[in-house]
Amino acid sequence: MKNIPVISFCNHKGGVGKTTSALNISRVFASRGRKVLLIDFDPNAHASLFFGAGGSKYDSGHFMQGKNHTACRIKIMENLDLIPAGRELFQAEKIFPGISGCIKPINRVREYGQYDYIIIDTPSTAGIIINTAIAVSDLIIIPSLPDFLSLQGVNLLLGAVQEIEKKLKKNSVYAILFVMTGKQDSQEEDVLRWASEKLASVKFRQNISNDPECRAAWAAGKTIFDFSAAAAGREYSVLAGEIAERTGQAL
Ligand SMILES: Nc1ncnc2c1ncn2[C@@H]1O[C@H](COP(=O)(O)OP(=O)(O)OP(=O)(O)O)[C@@H](O)[C@H]1O
Ligand SMILES: [Mg+2]
């Protein structure tokens with residue numbers, strides 16, 4: 001079975017760039033020739049709607065119940081397929097396999113051997129979906145705004161990670177990604193300095209700047225790369241290298 005890293009973007013806090021990061025990192029990997037399966041685990045389906053893939057027959061809810069990924073996926077671009085979110089996913093609490101069984105659908109994708117990365121976008125609601133993403137991931141990326149209140153959100157997520165580690169008797173690998181940085185307030189400087197000192201090993205070196213082009217690209221339904229030569233695009237490219245490094249891959 002091919003060892004395909006599973007990377008999820010998780011934070012119980014909303015609006016912290018989980019979907020933006022999942023889309024743009026998928027796009028960087030795909031453009032560098034890595035085959036990516038992006039799974040939309042958010043019932044709000046932002047990533048799916050972004051790619052015009054709302055209302056598909058099969059969604060990530062079917063996939064988690066055992067439907068083959070080849071029936072659920074949609075080709076988005078060269079090297080990038082998406083398993084969209086949809087109505088079935090709304091019933092996740094009822095239909096998702098428990099924490100110990102949830103790795104099976106992922107392993108079937110691994111057996112198929114076609115992809116280099118599986119990337120998961122998650123909702124902000126606590127519950128079975130985030131817990132499943134944590135359980136199946138080789139790398140949990142926690143996007144956070146650079147302020148002290150947002151660090152509480154990181155702590156909350158790490159609490160969920162620890163509970164799952166205990167249940168599954170495994171060590172999870174996670175890393176914090178500071179997003180929307182550069183707003184030039186003094187709290188941000190304090191947070192980033194503190195994080196560089198205290199969290200150096202679990203913090204990405206690359207931050208993602210607050211970049212109005214990101215918002216505009218989103219509104220236009222484009223990844224930042226397909227929209228403009230904005231700073232955030234260069235930053236996501238560098239970040240992709242760090243992510244590859246943390247999953248033991250070259251990019
Ligand atoms: N680097 C950035 N600079 C400026 N705006 C950004 C940046 N990254 C994301 N945004 C904007 O912030 C908003 C929230 O981003 P996004 O939807 O990716 O967050 P999320 O964590 O997935 O939210 P949710 O919890 O609602 O799913 C969007 O309007 C997006 O365009
Ligand atoms: Mg989102």
# chains A, B, ... in the order shown; residues from 1 in each chain; ligands from 1
$ residues_around --residues "A:Cys214" --least-positions-apart "5" --cutoff "10 Å" --atoms "only C-alpha atoms" --output "MDAnalysis selection string"
chainID A and resid 17 20 180 209 219:220 222:225 227:228 230:233
$ select_by_dssp --residues "stretch 59-243 of chain A" --states "alpha helix (DSSP H)" --output "PyMOL selection string"
chain A and resi 60-64+69-72+92-95+103-112+128-136+148-168+186-198+212-219+224-227+231-243
$ closest_residue --among "A:Lys94, A:Lys75, A:His69, A:Arg215" --to "ligand 1" --atoms "only C-alpha atoms and all ligand atoms"
A:Arg215
$ residues_near_ligand --ligand "ligand 1" --cutoff "7 Å" --atoms "only C-alpha atoms and all ligand atoms" --output "tab-separated table (two decimals) with N, CA and C atoms, in the first residue's frame"
chain	number	residue	atom	x	y	z
A	13	LYS	N	-12.28	27.33	15.31
A	13	LYS	CA	-12.63	28.72	15.06
A	13	LYS	C	-12.89	28.90	13.56
A	14	GLY	N	-13.93	29.66	13.24
A	14	GLY	CA	-14.28	29.89	11.83
A	14	GLY	C	-13.52	31.07	11.24
A	15	GLY	N	-13.45	31.11	9.93
A	15	GLY	CA	-12.89	32.27	9.23
A	15	GLY	C	-11.40	32.46	9.41
A	16	VAL	N	-10.66	31.37	9.66
A	16	VAL	CA	-9.21	31.50	9.90
A	16	VAL	C	-8.39	31.01	8.69
A	17	GLY	N	-9.04	30.85	7.55
A	17	GLY	CA	-8.29	30.50	6.35
A	17	GLY	C	-8.08	29.00	6.13
A	18	LYS	N	-8.91	28.17	6.75
A	18	LYS	CA	-8.76	26.71	6.53
A	18	LYS	C	-8.99	26.37	5.05
A	19	THR	N	-10.14	26.83	4.53
A	19	THR	CA	-10.47	26.47	3.15
A	19	THR	C	-9.51	27.14	2.16
A	20	THR	N	-9.23	28.42	2.38
A	20	THR	CA	-8.30	29.13	1.48
A	20	THR	C	-6.97	28.39	1.42
A	21	SER	N	-6.49	27.95	2.59
A	21	SER	CA	-5.19	27.27	2.64
A	21	SER	C	-5.27	25.90	1.97
A	46	HIS	N	-17.81	24.95	1.20
A	46	HIS	CA	-17.19	26.12	0.58
A	46	HIS	C	-16.19	25.72	-0.51
A	123	PRO	N	-14.87	21.55	8.80
A	123	PRO	CA	-15.72	22.64	9.29
A	123	PRO	C	-15.22	23.17	10.63
A	124	SER	N	-15.85	24.23	11.11
A	124	SER	CA	-15.44	24.76	12.42
A	124	SER	C	-16.22	24.11	13.57
A	179	VAL	N	-1.92	32.95	9.87
A	179	VAL	CA	-2.46	33.53	8.64
A	179	VAL	C	-2.94	34.95	8.90
A	180	MET	N	-3.08	35.67	7.81
A	180	MET	CA	-3.56	37.07	7.85
A	180	MET	C	-2.68	37.90	8.78
A	208	ILE	N	1.22	33.41	6.37
A	208	ILE	CA	0.49	33.92	5.20
A	208	ILE	C	-0.03	35.32	5.54
A	209	SER	N	0.39	36.28	4.75
A	209	SER	CA	0.03	37.69	5.04
A	209	SER	C	-1.44	37.95	4.82
A	210	ASN	N	-1.92	38.96	5.52
A	210	ASN	CA	-3.25	39.48	5.21
A	210	ASN	C	-3.14	40.15	3.84
A	211	ASP	N	-3.86	39.64	2.88
A	211	ASP	CA	-3.68	40.10	1.51
A	211	ASP	C	-5.07	40.27	0.88
A	212	PRO	N	-5.46	41.50	0.61
A	212	PRO	CA	-6.80	41.74	0.06
A	212	PRO	C	-7.04	40.95	-1.23
A	213	GLU	N	-5.95	40.63	-1.94
A	213	GLU	CA	-6.09	39.86	-3.18
A	213	GLU	C	-6.66	38.46	-2.90
A	214	CYS	N	-6.39	37.95	-1.68
A	214	CYS	CA	-6.91	36.63	-1.31
A	214	CYS	C	-8.43	36.67	-1.28
A	215	ARG	N	-8.96	37.71	-0.66
A	215	ARG	CA	-10.40	37.89	-0.56
A	215	ARG	C	-11.02	38.09	-1.95
A	216	ALA	N	-10.32	38.91	-2.76
A	216	ALA	CA	-10.82	39.20	-4.10
A	216	ALA	C	-10.79	37.94	-4.97
A	218	TRP	N	-11.01	34.90	-3.91
A	218	TRP	CA	-12.09	34.05	-3.39
A	218	TRP	C	-13.42	34.47	-4.02
A	232	ALA	N	0.54	36.50	-1.23
A	232	ALA	CA	0.05	35.26	-0.60
A	232	ALA	C	0.36	34.04	-1.49
$ residues_around --residues "A:Val238" --least-positions-apart "5" --cutoff "12 Å" --atoms "only C-alpha atoms" --output "JSON, numbers by chain"
{"A": [24, 25, 28, 29, 204, 205, 206, 207, 208, 231, 232, 233, 243, 244, 245, 251]}
$ closest_residue --among "A:Arg108, A:Lys35, A:Arg27, A:Arg87" --to "A:Ser56" --atoms "only C-alpha atoms"
A:Arg87
$ atom_distance --atom1 "atom CA of A:Ile99" --atom2 "atom CA of A:Gln65"
13.0 Å
$ select_by_dssp --residues "stretch 35-150 of chain A" --states "strand (DSSP E or B)" --output "ChimeraX atom specification"
/A:36-40,74-77,80-83,117-121,139-144
$ residues_around --residues "A:Met1" --least-positions-apart "4" --cutoff "10 Å" --atoms "only C-alpha atoms" --output "PyMOL selection string"
chain A and resi 107-113
$ residues_around --residues "A:Glu93" --least-positions-apart "5" --cutoff "12 Å" --atoms "only C-alpha atoms" --output "MDAnalysis selection string"
chainID A and resid 43 61 64:65 88 98:99 125:132
